[in-house]
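Take a look at the structure set out below.
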Amino acid sequence: MSRIVYVNGAYLPEEDAKISVFDRGFIFGDGIYEVSAVIGGKLVDCEAHLARLARSCGEIRLALPWSTAELVAIHEELIRRNALDEGGVYLEVTRGASDRDFPFPKDVTPTLVMFTQARNFVNAPAVKTGIKVVSTPDLRWARRDIKSVNLLAPVLAKQFAAENGAQEAWMIEDGVVTEGASSTAWIVKGKTLISRPLSNKVLPGITRKAVLAYIAETGFAFEEREFTLAEALDAEEAFITSATSLVMPVTTIDGHSIHNGAPGPTALRLREIYIDFATERPEGPSFPPCEPAQRPVARASVGRGSRRPDRPLAVHQDDRAPGFRSGTPPVCGP
Ligand SMILES: Cc1ncc(COP(=O)(O)O)c(C=O)c1O
């Protein structure tokens, strides 16, 4: 049975879904995407992903005509129509279709495409073995904080990883690890988790944010700083976070064993807590309230069944790239 996908207002069998050859996403990569995980048929962190979508779109001056509630409803309808229990919902919005010319076209309607992918990532076999990582130069552009559909450099990095028997590539720039090709990179020293600060050089991971929201309760400390490949090779543990890998232990980097080649207890514990959190088991962690000065969206909206259509879209300050002023503010939302 083919999937039902969403294209510009219609739910269609995947083989009937079409977009224009003049779509600027296709021609220029002029678009933004997001992937929200689904566990037990429920969206995880979807509103935080939609807040990042709005932020990315604001940075490229792409006005979103859909409210958060409308986008969440499309996610949920796709999950329902595809009977998706576990996997992800991919969303892509582009500036729309117009005769090929670089500047923004006038009076163009954005294209919205969404589809589901079934995946078993909660009990993924890789959790038992950990994943292999290889390092590779970071070839990406200067605004990696924007979740652009231009993914050629990550495609090449992932292909390099695959050809070397690895599942992820850690990209290196100026002697330090920036991030994974599709994940946030972490190392562990003692009871301290280390991951680099947010900036224009990395995507502000939604899973990173969720992990940071609960580590204080777990007794782990967080050191937000850059680390070199040499430091990673020498670390007690390493792991990655992303919407669909959740928290995944890394057991080799460039062929060097980390934690004797076995998944480390810190990564496994964080994974367990994250899954508890994502599925809102009663014994799962509780979350500190947002600071009063912040609008309660991203953190308040994480977790299972967390649909709050009445909330405005906003982005926590720590999701913003230091040194960058927003262009047009996000216009997603009522
Ligand atoms: C480059 C990059 N960094 C980090 C992440 C992790 O982000 P998230 O936790 O929001 O999935 C991703 C996910 O796609 C990514 O592509």
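Following the order of the structure tokens, first chain is A, next is B, and so on, with residues numbered from 1 inside each chain and ligands from 1 in the order they appear.
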Could you pull out the residues sitting within 8 Å of ligand 1, using only C-alpha atoms and all ligand atoms, and write them as a list of chain:residue names?
A:Glu34, A:Val35, A:Ser36, A:His49, A:Arg144, A:Lys147, A:Pro154, A:Glu179, A:Gly180, A:Ala181, A:Ser182, A:Ser183, A:Thr184, A:Ala185, A:Val202, A:Leu203, A:Pro204, A:Gly205, A:Ile206, A:Thr207, A:Arg208, A:Lys209, A:Thr241, A:Ser242, A:Ala243, A:Thr244, A:Leu246
Exercise. Using only C-alpha atoms, determine which residues lie at most 12 Å from Ala124 (chain A), disregarding the query and same-chain residues fewer than 5 positions distant; provide the list as a ChimeraX atom specification.
Key: /A:86-87,119,129-131,244-249,271
>> Please identify the strand (DSSP E or B) residues within region 42-171 of chain A (assignment by DSSP from backbone atoms) and present them as a ChimeraX atom specification.
In response: /A:42-44,87-94,97,111-118,131-137,148,168-171
For the residues selected in the previous step, produce a file with C-alpha atoms as a compact mmCIF listing (two decimals), in the first residue's frame.
```txt
# COMPACT_ATOMS: atom_id res chain seq x y z
CA LYS A 42 2.17 10.57 18.90
CA LEU A 43 4.29 13.49 17.82
CA VAL A 44 7.38 14.27 19.88
CA GLY A 87 8.89 7.01 12.57
CA GLY A 88 9.00 10.59 11.43
CA VAL A 89 7.02 13.26 9.66
CA TYR A 90 9.03 15.24 7.13
CA LEU A 91 7.89 18.77 6.31
CA GLU A 92 9.28 20.94 3.54
CA VAL A 93 8.23 24.43 2.66
CA THR A 94 9.66 26.25 -0.33
CA ALA A 97 7.02 27.85 -8.16
CA THR A 111 4.83 25.01 -1.56
CA LEU A 112 4.14 22.73 1.40
CA VAL A 113 4.99 19.02 1.16
CA MET A 114 4.77 16.57 4.04
CA PHE A 115 5.18 12.82 4.27
CA THR A 116 5.68 10.10 6.85
CA GLN A 117 8.51 7.57 7.14
CA ALA A 118 8.02 4.45 9.23
CA ILE A 131 27.28 3.66 16.04
CA LYS A 132 30.48 4.27 14.15
CA VAL A 133 31.46 7.82 13.29
CA VAL A 134 34.05 9.10 10.83
CA SER A 135 35.39 12.64 10.67
CA THR A 136 35.27 14.73 7.53
CA PRO A 137 35.82 18.42 6.70
CA SER A 148 17.76 24.76 4.74
CA GLU A 168 27.40 9.22 10.98
CA ALA A 169 30.05 11.76 10.00
CA TRP A 170 31.34 14.38 12.43
CA MET A 171 32.25 17.47 10.52
```
Determine, using only C-alpha atoms, which residues of region 71-188 of chain A have any atom at most 12 Å from an atom of region 275-279 of chain A, and tabulate each with its shortest atom pair and distance in Å to one decimal place, rows ordered by chain and then rising number, as CSV.
```
residue,atom,partner,partner_atom,distance
A:Glu86,CA,A:Thr279,CA,11.5
A:Phe121,CA,A:Ile275,CA,10.6
A:Val122,CA,A:Ile275,CA,7.7
A:Asn123,CA,A:Ile275,CA,10.5
```
field: Spatial neighbours of Glu231 (chain A), max dist 12 Å, only C-alpha atoms, sep filter under 6 positions, as a list in words
entry: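 The residues that qualify are Gly175, Val176, Val177, Trp186, Ile187, Val188, Lys189, Ile194, Ser195, Arg225, Glu237, Ala238, Ile253 and Ile258 of chain A.
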In Å and to one decimal, CA of Ile27 (chain A) is distant from CA of Arg140 (chain A) by 18.6 Å
Please return, as a count of residues only, all residues of region 29-228 of chain A that DSSP assigns to helix (DSSP H, G or I) on the basis of the backbone. 57
Here CA of Thr218 (chain A) and CA of Arg52 (chain A) stand apart by 26.5 Å
Practice prompt. Enter the distance from CA of Ile39 (chain A) to CA of Asn82 (chain A), in Å, rounded to one decimal.
Written response: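 Pair CA of Ile39 (chain A) / CA of Asn82 (chain A) returns 13.8 Å.
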Contacts of Leu12 (chain A) at 10 Å or less, counting only C-alpha atoms, minus same-chain residues fewer than 6 places along, as a list in words?
Ser2, Arg3, Ile4, Val5, Tyr6 and Lys18 of chain A
Selection above as a file: C-alpha atoms, as a PDB file, in the first residue's frame:
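File again.pdb, as written:
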```
ATOM      1  CA  SER A   2       1.457   3.342  -0.960  1.00  0.00           C
ATOM      2  CA  ARG A   3       1.816   6.166   1.511  1.00  0.00           C
ATOM      3  CA  ILE A   4      -0.519   9.078   1.663  1.00  0.00           C
ATOM      4  CA  VAL A   5       1.449  12.301   1.388  1.00  0.00           C
ATOM      5  CA  TYR A   6       0.419  15.927   1.684  1.00  0.00           C
ATOM      6  CA  LYS A  18       3.321  16.317  -7.913  1.00  0.00           C
TER       7      LYS A  18
END
```
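Residue nearest Leu198 (chain A) within the list A:Cys57, A:Ala262, A:Ile146, A:Gly96: A:Ile146 [criterion: smallest interatomic distance, only C-alpha atoms].
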